[in-house]
$ cat run-v2.txt   # compact mmCIF, C-alpha atoms and all ligand atoms
# COMPACT_ATOMS: atom_id res chain seq x y z
CA MET Y 1 112.03 124.13 86.80
CA VAL Y 2 109.24 124.95 89.26
CA LEU Y 3 109.86 122.54 92.14
CA SER Y 4 107.27 120.61 94.13
CA PRO Y 5 108.37 120.31 97.80
CA ALA Y 6 106.83 116.81 98.05
CA CYS Y 7 108.91 115.67 95.06
CA GLU Y 8 112.03 117.13 96.61
CA ARG Y 9 111.41 115.05 99.72
CA ASN Y 10 110.51 111.77 98.04
CA LYS Y 11 112.82 111.74 95.01
CA GLN Y 12 115.86 110.28 96.80
CA PRO Y 13 114.02 107.38 98.52
CA LEU Y 14 112.28 106.67 95.21
CA LEU Y 15 115.62 106.69 93.38
CA ALA Y 16 116.98 104.10 95.82
CA LEU Y 17 113.90 101.95 95.25
CA LEU Y 18 114.16 102.19 91.46
CA GLN Y 19 117.87 101.36 91.57
CA ALA Y 20 117.03 98.22 93.52
CA TRP Y 21 114.18 97.07 91.29
CA LEU Y 22 114.71 98.23 87.72
CA PRO Y 23 116.59 96.06 85.25
CA GLU Y 24 119.59 97.61 83.51
CA ARG Y 25 118.74 99.87 80.56
CA ALA Y 26 115.09 99.87 81.63
CA ARG Y 27 112.41 101.45 79.45
CA VAL Y 28 110.03 103.11 81.90
CA LEU Y 29 106.65 104.75 81.31
CA GLU Y 30 105.69 107.33 83.93
CA ILE Y 31 101.99 108.11 84.40
CA GLY Y 32 101.08 111.61 85.60
CA SER Y 33 104.58 113.12 85.43
CA GLY Y 34 103.38 116.52 86.71
CA ASN Y 35 106.19 119.04 86.27
CA GLY Y 36 108.74 116.39 85.26
CA GLN Y 37 110.75 116.62 88.47
CA HIS Y 38 110.97 112.85 88.96
CA ALA Y 39 111.78 112.29 85.27
CA ALA Y 40 114.64 114.82 85.46
CA TYR Y 41 116.03 113.44 88.71
CA PHE Y 42 115.93 109.77 87.69
CA GLY Y 43 117.28 110.65 84.24
CA ALA Y 44 120.22 112.35 85.94
CA ASN Y 45 120.92 109.61 88.48
CA ILE Y 46 120.20 106.26 86.83
CA PRO Y 47 123.10 105.55 84.49
CA ALA Y 48 121.16 104.04 81.60
CA LEU Y 49 117.43 104.20 81.11
CA THR Y 50 114.71 105.48 78.81
CA TRP Y 51 112.16 107.44 80.82
CA GLN Y 52 108.93 108.13 78.94
CA ALA Y 53 107.11 110.88 80.82
CA SER Y 54 103.38 111.45 80.24
CA GLU Y 55 100.59 113.79 81.29
CA ARG Y 56 96.95 114.49 80.62
CA GLN Y 57 96.26 117.04 77.87
CA GLU Y 58 95.84 119.93 80.34
CA GLY Y 59 99.33 119.51 81.83
CA LEU Y 60 101.21 118.31 78.77
CA ALA Y 61 102.55 121.64 77.50
CA ILE Y 62 103.96 122.56 80.91
CA LEU Y 63 105.60 119.15 81.30
CA ARG Y 64 107.12 119.29 77.82
CA GLY Y 65 108.38 122.83 78.48
CA GLN Y 66 110.04 121.78 81.75
CA LEU Y 67 111.77 118.75 80.21
CA ALA Y 68 112.83 120.71 77.12
CA GLY Y 69 114.66 123.06 79.48
CA LEU Y 70 116.97 120.25 80.61
CA ALA Y 71 120.44 120.31 79.10
CA ARG Y 72 121.86 117.01 77.77
CA GLN Y 73 124.68 117.22 80.32
CA GLU Y 74 122.10 117.26 83.14
CA LEU Y 75 121.24 113.65 82.24
CA ALA Y 76 123.29 110.52 82.77
CA PRO Y 77 125.28 109.68 79.61
CA ALA Y 78 123.05 106.79 78.54
CA ALA Y 79 119.74 108.21 79.79
CA GLU Y 80 117.04 109.19 77.30
CA LEU Y 81 113.95 111.31 77.99
CA PRO Y 82 111.79 111.14 74.83
CA THR Y 83 109.23 113.92 74.31
CA ALA Y 84 106.48 113.53 76.91
CA ILE Y 85 103.31 111.90 75.59
CA ARG Y 86 99.62 112.60 76.29
CA LEU Y 87 98.11 109.92 78.51
CA ASP Y 88 94.87 109.94 80.43
CA VAL Y 89 94.58 106.39 81.77
CA THR Y 90 90.80 106.41 81.17
CA GLU Y 91 91.25 107.01 77.42
CA ALA Y 92 91.98 103.61 75.87
CA GLU Y 93 93.38 105.06 72.63
CA GLN Y 94 95.94 107.20 74.48
CA TRP Y 95 97.96 104.27 75.82
CA PRO Y 96 101.24 104.00 73.91
CA ASN Y 97 101.92 101.11 71.55
CA GLY Y 98 105.45 100.55 72.86
CA ARG Y 99 106.37 97.94 75.45
CA PHE Y 100 108.01 98.92 78.75
CA ASP Y 101 110.06 97.14 81.40
CA ALA Y 102 108.36 99.18 84.11
CA VAL Y 103 105.57 101.68 84.72
CA PHE Y 104 106.02 104.21 87.52
CA SER Y 105 103.45 106.59 88.95
CA ALA Y 106 103.71 108.83 92.01
CA ASN Y 107 100.86 110.49 93.86
CA THR Y 108 98.28 109.87 91.18
CA CYS Y 109 95.97 107.16 92.59
CA HIS Y 110 94.36 109.50 95.13
CA ILE Y 111 93.87 112.22 92.50
CA MET Y 112 92.20 110.17 89.77
CA PRO Y 113 88.69 108.79 90.45
CA ALA Y 114 88.55 105.30 91.98
CA LEU Y 115 86.85 104.06 88.79
CA ALA Y 116 89.98 105.02 86.81
CA LEU Y 117 92.17 102.58 88.75
CA PRO Y 118 91.02 99.36 87.03
CA GLN Y 119 91.61 101.19 83.73
CA LEU Y 120 95.10 102.18 84.85
CA LEU Y 121 95.89 98.58 85.82
CA ALA Y 122 94.52 97.11 82.57
CA GLY Y 123 96.45 99.68 80.51
CA VAL Y 124 99.64 98.96 82.42
CA HIS Y 125 99.26 95.22 81.86
CA GLN Y 126 98.87 95.89 78.14
CA VAL Y 127 102.09 97.97 77.84
CA LEU Y 128 104.37 95.94 80.14
CA GLU Y 129 106.78 93.32 78.87
CA PRO Y 130 106.17 89.89 80.46
CA GLY Y 131 107.75 90.11 83.91
CA GLY Y 132 107.63 93.92 83.82
CA LEU Y 133 107.02 95.97 86.94
CA LEU Y 134 104.41 98.47 88.06
CA LEU Y 135 105.47 100.78 90.91
CA LEU Y 136 102.73 102.92 92.47
CA TYR Y 137 103.90 105.45 95.08
CA GLY Y 138 101.67 107.41 97.42
CA PRO Y 139 99.50 107.16 100.54
CA PHE Y 140 97.28 104.07 100.79
CA HIS Y 141 95.12 102.46 103.48
CA ASP Y 142 94.28 98.79 104.01
CA GLY Y 143 90.53 98.21 104.03
CA GLY Y 144 89.96 101.48 105.87
CA VAL Y 145 92.89 101.06 108.26
CA HIS Y 146 95.27 103.98 107.83
CA THR Y 147 98.95 103.68 108.71
CA ALA Y 148 98.94 107.23 110.07
CA ALA Y 149 96.42 109.80 111.30
CA SER Y 150 97.89 112.27 108.80
CA ASN Y 151 96.73 110.05 105.91
CA LEU Y 152 93.21 109.93 107.36
CA SER Y 153 93.04 113.73 107.51
CA PHE Y 154 94.61 113.98 104.03
CA ASP Y 155 91.84 111.68 102.78
CA ALA Y 156 89.15 113.92 104.35
CA HIS Y 157 90.83 117.00 102.87
CA LEU Y 158 90.91 115.46 99.36
CA ARG Y 159 87.25 114.42 99.56
CA SER Y 160 86.25 117.93 100.72
CA LEU Y 161 87.92 119.34 97.60
CA ASP Y 162 86.39 116.75 95.27
CA PRO Y 163 84.38 113.68 96.34
CA ALA Y 164 86.00 111.73 93.48
CA MET Y 165 89.43 112.05 95.07
CA GLY Y 166 90.63 110.11 98.10
CA VAL Y 167 93.35 107.90 99.55
CA ARG Y 168 92.92 104.46 97.96
CA ASP Y 169 92.60 101.01 99.50
CA ALA Y 170 95.76 99.00 98.80
CA LEU Y 171 93.92 95.72 99.48
CA GLU Y 172 91.31 96.55 96.84
CA LEU Y 173 93.99 97.72 94.41
CA LYS Y 174 95.86 94.42 94.81
CA GLN Y 175 92.64 92.48 94.07
CA GLN Y 176 91.99 94.64 91.00
CA ALA Y 177 95.58 94.10 89.87
CA LEU Y 178 95.27 90.30 90.17
CA ALA Y 179 92.07 90.47 88.11
CA VAL Y 180 93.98 91.94 85.13
CA GLY Y 181 97.03 89.68 85.49
CA LEU Y 182 99.30 91.86 87.62
CA GLU Y 183 100.75 90.01 90.59
CA PRO Y 184 101.40 91.97 93.82
CA LEU Y 185 105.12 91.54 94.56
CA ASP Y 186 105.91 93.92 97.38
CA ASP Y 187 104.53 96.76 99.46
CA VAL Y 188 107.40 99.00 100.55
CA ALA Y 189 107.05 101.48 103.42
CA MET Y 190 108.37 104.89 102.38
CA PRO Y 191 109.08 108.05 104.41
CA THR Y 192 106.20 110.26 105.64
CA ASN Y 193 103.75 107.34 105.77
CA ASN Y 194 103.74 106.72 102.05
CA ARG Y 195 104.15 103.34 100.36
CA THR Y 196 105.23 101.92 97.03
CA LEU Y 197 103.05 99.07 95.79
CA ILE Y 198 104.98 96.87 93.37
CA PHE Y 199 103.34 94.50 90.88
CA SER Y 200 104.65 92.23 88.16
CA SER Y 201 103.11 91.31 84.82
CA GLY Y 202 104.37 87.74 85.04
CA PRO Y 203 107.15 85.72 86.63
CA TRP Y 204 109.68 88.26 87.83
CA GLN Y 205 113.41 87.47 87.62
CA SER Y 206 115.08 88.83 90.77
CA SER Y 207 118.43 88.25 89.02
CA ARG Y 208 117.56 91.31 86.92
CA MET Y 209 118.09 93.53 89.97
CA LEU Y 210 120.93 96.01 89.85
CA PRO Y 211 123.75 95.34 92.36
C1 LIG A 301 99.53 115.32 92.68
S1 LIG A 301 99.94 115.23 90.97
C2 LIG A 301 101.41 114.23 91.04
C3 LIG A 301 102.40 114.65 89.99
C4 LIG A 301 103.76 113.95 90.07
N1 LIG A 301 103.66 112.55 89.73
C5 LIG A 301 104.37 114.11 91.43
O1 LIG A 301 104.64 113.12 92.10
O2 LIG A 301 104.60 115.27 91.82
C6 LIG A 301 98.68 114.16 90.37
C7 LIG A 301 98.86 113.73 88.93
O3 LIG A 301 97.85 112.77 88.60
C8 LIG A 301 97.57 112.94 87.24
N2 LIG A 301 96.29 112.31 86.87
C9 LIG A 301 95.10 112.50 87.45
N3 LIG A 301 94.15 111.81 86.78
C10 LIG A 301 94.78 111.14 85.77
C11 LIG A 301 94.36 110.28 84.73
N4 LIG A 301 93.05 109.96 84.58
N5 LIG A 301 95.28 109.81 83.87
C12 LIG A 301 96.58 110.14 84.02
N6 LIG A 301 97.04 110.96 84.97
C13 LIG A 301 96.16 111.47 85.85
C14 LIG A 301 97.53 114.46 87.09
O4 LIG A 301 97.57 114.84 85.74
C15 LIG A 301 98.75 114.86 87.90
O5 LIG A 301 99.90 114.85 87.13
$ encode --input "run-v2.txt" --output "structure tokens"
Amino acid sequence: MVLSPACERNKQPLLALLQAWLPERARVLEIGSGNGQHAAYFGANIPALTWQASERQEGLAILRGQLAGLARQELAPAAELPTAIRLDVTEAEQWPNGRFDAVFSANTCHIMPALALPQLLAGVHQVLEPGGLLLLYGPFHDGGVHTAASNLSFDAHLRSLDPAMGVRDALELKQQALAVGLEPLDDVAMPTNNRTLIFSSGPWQSSRMLP
């Protein structure tokens, strides 16, 4: 598998977060799985889960190839990684019909256009079980206030590459989430000035947490 250095750095803190928040035997949809590095790592380290990876059409063959290269014994005994599906969050017909306990997405909000975010949130609400979780990992600012200078320069760098990209406003995202029925639950500081924004699609049972 071709490894992303950022994924190598964030996969362990993200694993700890998922272990704390996911219910047992969770069915998880991942949006923008990239090279499948997170899918492979969580599939290996969370004892029982179904991890549905997805990508846009242009990256789908690479993702499927990477995950197909995983041997069964590289996954936890009760972990399942179904064939990755095509999903562009702006294409309503591409959202899967299945229901999920959680949706996870890492480092995608600043890559997709800001206008795609309400579509992402509405699609997530549609595929989550009541009380399901959305976990969005990446850099965010709060109404223009950045938690670190490095995120401000990353934002400028992204916008110089493509004006449609940019570090997103967590406050705005939380308002947009509320508008589609997703309740902001937590906002967890992560290493290297990243955050995980956690939302719920209804009353969330903390008793579902793993020990
Ligand atoms: C920087 S990569 C992150 C990949 C991986 N999640 C990771 O953490 O390494 C950005 C991802 O956002 C995805 N993406 C961008 N726009 C998208 C959209 N409209 N719908 C779904 N995924 C999108 C890209 O396909 C790509 O996989």
$ residues_near_point --input "run-v2.txt" --point "(116.4, 109.7, 90.1)" --cutoff "8 Å" --atoms "all atoms listed in the file" --output "number ranges by chain"
Y: 11-12, 14-15, 18, 38-46
$ residues_around --input "run-v2.txt" --residues "His157 of chain Y" --least-positions-apart "5" --cutoff "9 Å" --atoms "only C-alpha atoms" --output "number ranges by chain"
Y: 152, 162, 166
$ closest_residue --input "run-v2.txt" --among "Y:Leu128, Y:Met165, Y:Ile31, Y:Ala76" --to "ligand LIG 301 (chain A)" --atoms "only C-alpha atoms and all ligand atoms"
Y:Ile31
$ closest_atom_pairs --input "run-v2.txt" --of "chain Y" --to "ligand LIG 301 (chain A)" --cutoff "8 Å" --atoms "only C-alpha atoms and all ligand atoms" --output "CSV"
residue,atom,partner,partner_atom,distance
Y:Ser4,CA,A:LIG301,O2,6.4
Y:Ala6,CA,A:LIG301,O2,6.8
Y:Cys7,CA,A:LIG301,O2,5.4
Y:Ile31,CA,A:LIG301,N6,5.7
Y:Gly32,CA,A:LIG301,O5,3.8
Y:Ser33,CA,A:LIG301,N1,4.4
Y:Gly34,CA,A:LIG301,O5,3.9
Y:Asn35,CA,A:LIG301,C4,6.8
Y:Gly36,CA,A:LIG301,C4,7.3
Y:Gln37,CA,A:LIG301,O2,7.1
Y:His38,CA,A:LIG301,O1,7.1
Y:Ser54,CA,A:LIG301,C12,7.9
Y:Glu55,CA,A:LIG301,O4,5.5
Y:Arg56,CA,A:LIG301,O4,5.2
Y:Glu58,CA,A:LIG301,O4,7.6
Y:Gly59,CA,A:LIG301,O4,6.3
Y:Leu87,CA,A:LIG301,C12,5.7
Y:Asp88,CA,A:LIG301,N5,3.5
Y:Val89,CA,A:LIG301,N5,4.1
Y:Thr90,CA,A:LIG301,N4,5.4
Y:Glu91,CA,A:LIG301,N4,8.0
Y:Ser105,CA,A:LIG301,N1,6.0
Y:Ala106,CA,A:LIG301,N1,4.4
Y:Asn107,CA,A:LIG301,C2,4.7
Y:Thr108,CA,A:LIG301,O3,3.9
Y:Cys109,CA,A:LIG301,O3,7.1
Y:His110,CA,A:LIG301,C6,7.9
Y:Ile111,CA,A:LIG301,C9,5.2
Y:Met112,CA,A:LIG301,N3,3.9
Y:Pro113,CA,A:LIG301,N3,7.2
Y:Ala116,CA,A:LIG301,N4,6.2
Y:Leu120,CA,A:LIG301,N5,7.7
$ write_last_selection --input "run-v2.txt" --atoms "C-alpha atoms" --output "short mmCIF file (atom, residue, chain, number, x, y, z; two decimals), in the frame of the given file"
data_model
loop_
_atom_site.label_atom_id
_atom_site.label_comp_id
_atom_site.auth_asym_id
_atom_site.auth_seq_id
_atom_site.Cartn_x
_atom_site.Cartn_y
_atom_site.Cartn_z
CA SER Y 4 107.27 120.61 94.13
CA ALA Y 6 106.83 116.81 98.05
CA CYS Y 7 108.91 115.67 95.06
CA ILE Y 31 101.99 108.11 84.40
CA GLY Y 32 101.08 111.61 85.60
CA SER Y 33 104.58 113.12 85.43
CA GLY Y 34 103.38 116.52 86.71
CA ASN Y 35 106.19 119.04 86.27
CA GLY Y 36 108.74 116.39 85.26
CA GLN Y 37 110.75 116.62 88.47
CA HIS Y 38 110.97 112.85 88.96
CA SER Y 54 103.38 111.45 80.24
CA GLU Y 55 100.59 113.79 81.29
CA ARG Y 56 96.95 114.49 80.62
CA GLU Y 58 95.84 119.93 80.34
CA GLY Y 59 99.33 119.51 81.83
CA LEU Y 87 98.11 109.92 78.51
CA ASP Y 88 94.87 109.94 80.43
CA VAL Y 89 94.58 106.39 81.77
CA THR Y 90 90.80 106.41 81.17
CA GLU Y 91 91.25 107.01 77.42
CA SER Y 105 103.45 106.59 88.95
CA ALA Y 106 103.71 108.83 92.01
CA ASN Y 107 100.86 110.49 93.86
CA THR Y 108 98.28 109.87 91.18
CA CYS Y 109 95.97 107.16 92.59
CA HIS Y 110 94.36 109.50 95.13
CA ILE Y 111 93.87 112.22 92.50
CA MET Y 112 92.20 110.17 89.77
CA PRO Y 113 88.69 108.79 90.45
CA ALA Y 116 89.98 105.02 86.81
CA LEU Y 120 95.10 102.18 84.85
#
$ closest_residue --input "run-v2.txt" --among "Y:Gln66, Y:Gln52, Y:Ser153, Y:Gln176" --to "Ile85 of chain Y" --atoms "only C-alpha atoms"
Y:Gln52
$ atom_distance --input "run-v2.txt" --atom1 "atom CA of Asp186 of chain Y" --atom2 "atom CA of Arg159 of chain Y"
27.8 Å
$ closest_residue --input "run-v2.txt" --among "Y:Pro47, Y:Gly123, Y:Gly65, Y:Pro96" --to "Leu22 of chain Y" --atoms "all atoms listed in the file"
Y:Pro47
$ atom_distance --input "run-v2.txt" --atom1 "atom CA of Val180 of chain Y" --atom2 "atom CA of Val103 of chain Y"
15.1 Å
$ atom_distance --input "run-v2.txt" --atom1 "atom CA of Asn97 of chain Y" --atom2 "atom CA of Arg27 of chain Y"
13.1 Å
$ residues_around --input "run-v2.txt" --residues "Glu129 of chain Y" --least-positions-apart "5" --cutoff "9 Å" --atoms "only C-alpha atoms" --output "list in words"
Arg99, Phe100, Asp101, Ala102, Ser201 and Gly202 of chain Y
$ closest_residue --input "run-v2.txt" --among "Y:Leu197, Y:Leu67, Y:Ala92, Y:Ala179" --to "Val127 of chain Y" --atoms "all atoms listed in the file"
Y:Ala92
$ residues_around --input "run-v2.txt" --residues "Gly143 of chain Y" --least-positions-apart "5" --cutoff "12 Å" --atoms "only C-alpha atoms" --output "list in words"
Val167, Arg168, Asp169, Ala170, Leu171, Glu172, Leu173, Lys174 and Gln175 of chain Y
$ residues_around --input "run-v2.txt" --residues "Leu185 of chain Y" --least-positions-apart "5" --cutoff "10 Å" --atoms "all atoms listed in the file" --output "PDB file with C-alpha atoms, in the coordinates of the input"
ATOM      1  CA  LEU Y 133     107.020  95.970  86.940  1.00  0.00           C
ATOM      2  CA  LEU Y 134     104.410  98.470  88.060  1.00  0.00           C
ATOM      3  CA  LEU Y 135     105.470 100.780  90.910  1.00  0.00           C
ATOM      4  CA  LYS Y 174      95.860  94.420  94.810  1.00  0.00           C
ATOM      5  CA  LEU Y 197     103.050  99.070  95.790  1.00  0.00           C
ATOM      6  CA  ILE Y 198     104.980  96.870  93.370  1.00  0.00           C
ATOM      7  CA  PHE Y 199     103.340  94.500  90.880  1.00  0.00           C
ATOM      8  CA  SER Y 200     104.650  92.230  88.160  1.00  0.00           C
ATOM      9  CA  SER Y 201     103.110  91.310  84.820  1.00  0.00           C
ATOM     10  CA  TRP Y 204     109.680  88.260  87.830  1.00  0.00           C
TER      11      TRP Y 204
END
$ residues_around --input "run-v2.txt" --residues "Glu80 of chain Y" --least-positions-apart "2" --cutoff "8 Å" --atoms "all atoms listed in the file" --output "ChimeraX atom specification"
/Y:43,48-51,75,78,82
$ closest_residue --input "run-v2.txt" --among "Y:Leu3, Y:Ala61, Y:Ala177, Y:Ala79" --to "Glu24 of chain Y" --atoms "only C-alpha atoms"
Y:Ala79
$ residues_near_point --input "run-v2.txt" --point "(102.6, 89.4, 83.4)" --cutoff "7 Å" --atoms "only C-alpha atoms" --output "number ranges by chain"
Y: 125, 130-132, 181-182, 200-203
$ write_last_selection --input "run-v2.txt" --atoms "C-alpha atoms" --output "PDB file, in the coordinates of the input"
ATOM      1  CA  HIS Y 125      99.260  95.220  81.860  1.00  0.00           C
ATOM      2  CA  PRO Y 130     106.170  89.890  80.460  1.00  0.00           C
ATOM      3  CA  GLY Y 131     107.750  90.110  83.910  1.00  0.00           C
ATOM      4  CA  GLY Y 132     107.630  93.920  83.820  1.00  0.00           C
ATOM      5  CA  GLY Y 181      97.030  89.680  85.490  1.00  0.00           C
ATOM      6  CA  LEU Y 182      99.300  91.860  87.620  1.00  0.00           C
ATOM      7  CA  SER Y 200     104.650  92.230  88.160  1.00  0.00           C
ATOM      8  CA  SER Y 201     103.110  91.310  84.820  1.00  0.00           C
ATOM      9  CA  GLY Y 202     104.370  87.740  85.040  1.00  0.00           C
ATOM     10  CA  PRO Y 203     107.150  85.720  86.630  1.00  0.00           C
TER      11      PRO Y 203
END
$ closest_residue --input "run-v2.txt" --among "Y:Pro13, Y:Gln126, Y:Pro5, Y:Ala26" --to "Ala189 of chain Y" --atoms "only C-alpha atoms"
Y:Pro13
$ build_atoms --input "run-v2.txt" --residues "segment 21-42 of chain Y" --atoms "N, CA and C atoms" --output "mmCIF file, in the coordinates of the input"
data_model
loop_
_atom_site.group_PDB
_atom_site.id
_atom_site.type_symbol
_atom_site.label_atom_id
_atom_site.label_comp_id
_atom_site.auth_asym_id
_atom_site.auth_seq_id
_atom_site.Cartn_x
_atom_site.Cartn_y
_atom_site.Cartn_z
ATOM 1 N N TRP Y 21 115.171 97.903 91.979
ATOM 2 C CA TRP Y 21 114.180 97.070 91.290
ATOM 3 C C TRP Y 21 114.289 97.067 89.770
ATOM 4 N N LEU Y 22 114.746 98.166 89.189
ATOM 5 C CA LEU Y 22 114.710 98.230 87.720
ATOM 6 C C LEU Y 22 115.811 97.380 87.098
ATOM 7 N N PRO Y 23 115.518 96.738 85.977
ATOM 8 C CA PRO Y 23 116.590 96.060 85.250
ATOM 9 C C PRO Y 23 117.518 97.112 84.620
ATOM 10 N N GLU Y 24 118.683 96.679 84.204
ATOM 11 C CA GLU Y 24 119.590 97.610 83.510
ATOM 12 C C GLU Y 24 118.954 98.053 82.202
ATOM 13 N N ARG Y 25 119.231 99.292 81.828
ATOM 14 C CA ARG Y 25 118.740 99.870 80.560
ATOM 15 C C ARG Y 25 117.207 99.775 80.470
ATOM 16 N N ALA Y 26 116.548 100.013 81.593
ATOM 17 C CA ALA Y 26 115.090 99.870 81.630
ATOM 18 C C ALA Y 26 114.410 100.932 80.762
ATOM 19 N N ARG Y 27 113.324 100.506 80.120
ATOM 20 C CA ARG Y 27 112.410 101.450 79.450
ATOM 21 C C ARG Y 27 111.219 101.617 80.389
ATOM 22 N N VAL Y 28 111.047 102.851 80.874
ATOM 23 C CA VAL Y 28 110.030 103.110 81.900
ATOM 24 C C VAL Y 28 109.004 104.110 81.376
ATOM 25 N N LEU Y 29 107.742 103.806 81.577
ATOM 26 C CA LEU Y 29 106.650 104.750 81.310
ATOM 27 C C LEU Y 29 106.234 105.350 82.641
ATOM 28 N N GLU Y 30 106.209 106.676 82.724
ATOM 29 C CA GLU Y 30 105.690 107.330 83.930
ATOM 30 C C GLU Y 30 104.299 107.884 83.633
ATOM 31 N N ILE Y 31 103.358 107.594 84.526
ATOM 32 C CA ILE Y 31 101.990 108.110 84.400
ATOM 33 C C ILE Y 31 101.825 109.309 85.316
ATOM 34 N N GLY Y 32 101.310 110.404 84.793
ATOM 35 C CA GLY Y 32 101.080 111.610 85.600
ATOM 36 C C GLY Y 32 102.381 112.231 86.060
ATOM 37 N N SER Y 33 103.219 112.633 85.104
ATOM 38 C CA SER Y 33 104.580 113.120 85.430
ATOM 39 C C SER Y 33 104.586 114.499 86.074
ATOM 40 N N GLY Y 34 103.433 115.201 86.058
ATOM 41 C CA GLY Y 34 103.380 116.520 86.710
ATOM 42 C C GLY Y 34 104.348 117.479 86.040
ATOM 43 N N ASN Y 35 105.248 118.058 86.835
ATOM 44 C CA ASN Y 35 106.190 119.040 86.270
ATOM 45 C C ASN Y 35 107.486 118.388 85.777
ATOM 46 N N GLY Y 36 107.570 117.077 85.807
ATOM 47 C CA GLY Y 36 108.740 116.390 85.260
ATOM 48 C C GLY Y 36 109.911 116.270 86.220
ATOM 49 N N GLN Y 37 109.666 116.615 87.470
ATOM 50 C CA GLN Y 37 110.750 116.620 88.470
ATOM 51 C C GLN Y 37 111.340 115.221 88.680
ATOM 52 N N HIS Y 38 110.454 114.214 88.789
ATOM 53 C CA HIS Y 38 110.970 112.850 88.960
ATOM 54 C C HIS Y 38 111.709 112.408 87.697
ATOM 55 N N ALA Y 39 111.137 112.693 86.532
ATOM 56 C CA ALA Y 39 111.780 112.290 85.270
ATOM 57 C C ALA Y 39 113.193 112.873 85.202
ATOM 58 N N ALA Y 40 113.332 114.157 85.532
ATOM 59 C CA ALA Y 40 114.640 114.820 85.460
ATOM 60 C C ALA Y 40 115.623 114.214 86.456
ATOM 61 N N TYR Y 41 115.134 113.942 87.663
ATOM 62 C CA TYR Y 41 116.030 113.440 88.710
ATOM 63 C C TYR Y 41 116.481 112.004 88.407
ATOM 64 N N PHE Y 42 115.549 111.161 87.985
ATOM 65 C CA PHE Y 42 115.930 109.770 87.690
ATOM 66 C C PHE Y 42 116.777 109.727 86.420
#
